[in-house]
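Working notes for the structure below.
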Amino acid sequence: MLQTRTSTRQFDNAPLSASTFVAAVVEPLLSVACYIVVAALHEGGIDRPGTVLCLLVFALTFPGVNRFRARPLNALVDVTVAWGTLLAILGLCGFATDSFRLFSSGVLLQWAVATPVLHWLAAYAGCSYLRWKAAQPGARRAAVVIGGGPLGVRLARALEQERERGHDFLGFYDDRRAERLDPAAAARLLGTLDQVRGTLARRQVDEVYIALPLSSQPRITRLLASLQDSTASVYLAPDVFGISIIQGRLQDLGGVPVVGMLETPFTGVNELVKRLSDIVLASLILLLIAPLLAVIAIGVRLDSPGPVIFRQRRNGLNGEEIVVWKFRSMTARDDGPQVTQARRNDPRITRLGAFLRRTSLDELPQFVNVLQGRMSIVGPRPHAVAHNEQYRRLVQAYMLRHKVRPGITGWAQVNGLRGETDTVDKMQARVEYDLEYLRNWSIGFDLRIIARTLKLVLFDRHAY
């Protein structure tokens, strides 16, 4: 009966770390609290515009970034960039809505200066606390890795980096001879798998990380059975690094543990935060650029015959076909089974179209696509349907970029991968950046990409 109950226990999802949870709420709360205090000191409290500003700031900064494990200088740079980007967005909103006059310039200035200082102090305090906690008697965690391959070495390096926060890496166990192991593992080999159990008690090991190939399942099963006779915490690291893992997470499906390998980052609260930020920013930007849109539309109409808006079929979220809008910049309007990408000095590009493409102004109608829910402000750039069919057969994990809505700008574009992708290598590089964005998404990451996009639009003269 006991065995039956144990085998049917639900598999709990990995809990959110305390430091991540604290960081998620501390940063937005500090941002809001700082404004409230400054406004109270100057004006005796906050009025309705101040309340709206606090709500907007909280939405744009939640969840906060966990910088408790970053070095103080790195945390300072990260805080400065993130806060500067946020202020730029708020400034754009204030200009678009003509709402600066509703606020005291002294309050805004003091709040803008004091808040990032508080963010950095919070990060420094959190880092100091974690180091102090790791130095307490009994807080050190001795760890070993079973498996001397590339995955085991990668785990060992991660444990070494955690030394200041309580982990002591002792070495490796593996049945293979030293010459068959990674050199880093061979240099710190403690023994064979049969010797693990005895060593656990003798060396008082607290954590065991199993990093054996998936083909070694029988050995892993026997090893797990033998390790149950110890008090060590045991972790299994599947050797899946040959796969492009996207947002890997552990889930419970009716009591059965399943590992999510290819998942969108926009689930639950993240989905709500992403969509709300898109709606707010796209609405404000469209309000601001409405006169510019009218001027460009007139210019396109006068410059060459044809429609003002070019509609092209693209693949959007989950690969579903969507229609994306752009100001027409070419005389040809390819949207069939074969689409020729624009090249430098392409004769199809109109006179005004060359300027629009160089400055990315031809993409402005896509803010309407964002409000429609077809696109996001930041995400992998959508490709023509014909190009998707071509490259999905040539580039591994190509279609994973469709786990999210396509973006007006993206991580690949701000890293120099704009314009024509005339080789498979270029497309491969673009996809790798897109997948990196999916793995590491946060609101702060989106703000960094927006800031770098503005810099490219203003100063890059190599687009076409």
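Note on naming: chains are A, B, ... as they come in the structure tokens, residues start from 1 per chain, ligands start from 1 in the order shown.
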Where does range 353-415 of chain A meet range 316-335 of chain A within 6 Å, residue by residue, with the nearest atom pair and distance in Å to one decimal for each, counting only C-alpha atoms, listed by chain and rising number, as JSON lines?
{"residue": "A:Gly353", "atom": "CA", "partner": "A:Ser329", "partner_atom": "CA", "distance": 3.7}
{"residue": "A:Asp362", "atom": "CA", "partner": "A:Phe327", "partner_atom": "CA", "distance": 4.7}
{"residue": "A:Glu363", "atom": "CA", "partner": "A:Lys326", "partner_atom": "CA", "distance": 5.2}
{"residue": "A:Pro365", "atom": "CA", "partner": "A:Lys326", "partner_atom": "CA", "distance": 5.5}
{"residue": "A:Gln366", "atom": "CA", "partner": "A:Trp325", "partner_atom": "CA", "distance": 5.5}
{"residue": "A:His402", "atom": "CA", "partner": "A:Asn318", "partner_atom": "CA", "distance": 5.2}
{"residue": "A:Lys403", "atom": "CA", "partner": "A:Asn318", "partner_atom": "CA", "distance": 5.4}
{"residue": "A:Val404", "atom": "CA", "partner": "A:Leu317", "partner_atom": "CA", "distance": 5.2}
{"residue": "A:Arg405", "atom": "CA", "partner": "A:Leu317", "partner_atom": "CA", "distance": 4.6}
{"residue": "A:Pro406", "atom": "CA", "partner": "A:Gly316", "partner_atom": "CA", "distance": 5.8}
### Task
as a PyMOL selection string, list the residues of range 322-410 of chain A assigned to strand (DSSP E) by DSSP on the backbone atoms of this structure.
chain A and resi 322-327+376-378+407-409
### Query
Smallest atom-to-atom distance to Arg392 in chain A: which of A:Ala412, A:Gly373, A:Ala33, A:Asn315, using only C-alpha atoms?
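Distance minimum relative to Arg392 in chain A lands on A:Asn315.
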#### Entry: Non-local contacts of range 73-86 of chain A (7 Å; only C-alpha atoms; under 3 positions in same chain excluded) as a list in words
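Listed by chain and then number, they are Arg67, Ala70, Ile89, Leu90, Pro116, His119, Trp120, Gly444, Leu447, Arg448 and Ala451 of chain A.
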### Nearest to Tyr391 in chain A by atom-to-atom distance, counting only C-alpha atoms, from A:Val378, A:Met427, A:Leu371, A:Ile279
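The shortest atom-to-atom distance to Tyr391 in chain A comes from A:Met427.
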### Query
Between A:Ala384, A:Val424, A:Leu189, A:Val370, which is the closest to Leu276 in chain A once you count only C-alpha atoms?
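Closest residue, counting only C-alpha atoms: A:Val370.
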### Query
Counting only C-alpha atoms, which of A:Gly198, A:Gly410, A:Gly94, A:Pro238 gets nearest to Gln217 in chain A?
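Answer, going by the shortest atom-to-atom distance: A:Pro238.
Distance annotation: of A:Leu60, A:Val38, A:Ala290, A:Leu102, the residue with the minimal separation from Ala24 in chain A is A:Leu60; atom set is only C-alpha atoms.
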### Contact residues around Ser19 in chain A with only C-alpha atoms at 9 Å, ignoring same-chain residues under 2 positions, as a PyMOL selection string
chain A and resi 16-17+21-24+66+68+126+130
#### Entry: Spatial neighbours of Leu55 in chain A, 12 Å, only C-alpha atoms, chain gap at least 3 places, as a list in words
Pro28, Leu29, Ser31, Val32, Ala33, Tyr35, Ile36, Arg48, Pro49, Gly50, Thr51, Val52, Phe58, Ala59, Leu60, Thr61 and Phe62 of chain A
Those same residues, written as a CSV table (one decimal), in the first residue's frame with C-alpha atoms?
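This is the output file selection.csv:
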chain,number,residue,atom,x,y,z
A,28,PRO,CA,8.1,47.9,-9.2
A,29,LEU,CA,7.2,48.7,-5.6
A,31,SER,CA,9.6,52.6,-8.4
A,32,VAL,CA,6.1,53.5,-7.2
A,33,ALA,CA,7.0,54.1,-3.6
A,35,TYR,CA,7.3,58.7,-6.6
A,36,ILE,CA,4.8,58.7,-3.7
A,48,ARG,CA,-4.9,61.6,-10.2
A,49,PRO,CA,-2.2,62.1,-12.9
A,50,GLY,CA,0.3,60.8,-10.3
A,51,THR,CA,-1.8,57.8,-9.6
A,52,VAL,CA,-2.0,57.0,-13.4
A,58,PHE,CA,4.2,49.4,-12.1
A,59,ALA,CA,2.8,47.7,-15.2
A,60,LEU,CA,6.0,48.4,-17.2
A,61,THR,CA,8.4,47.2,-14.4
A,62,PHE,CA,6.6,44.1,-13.2
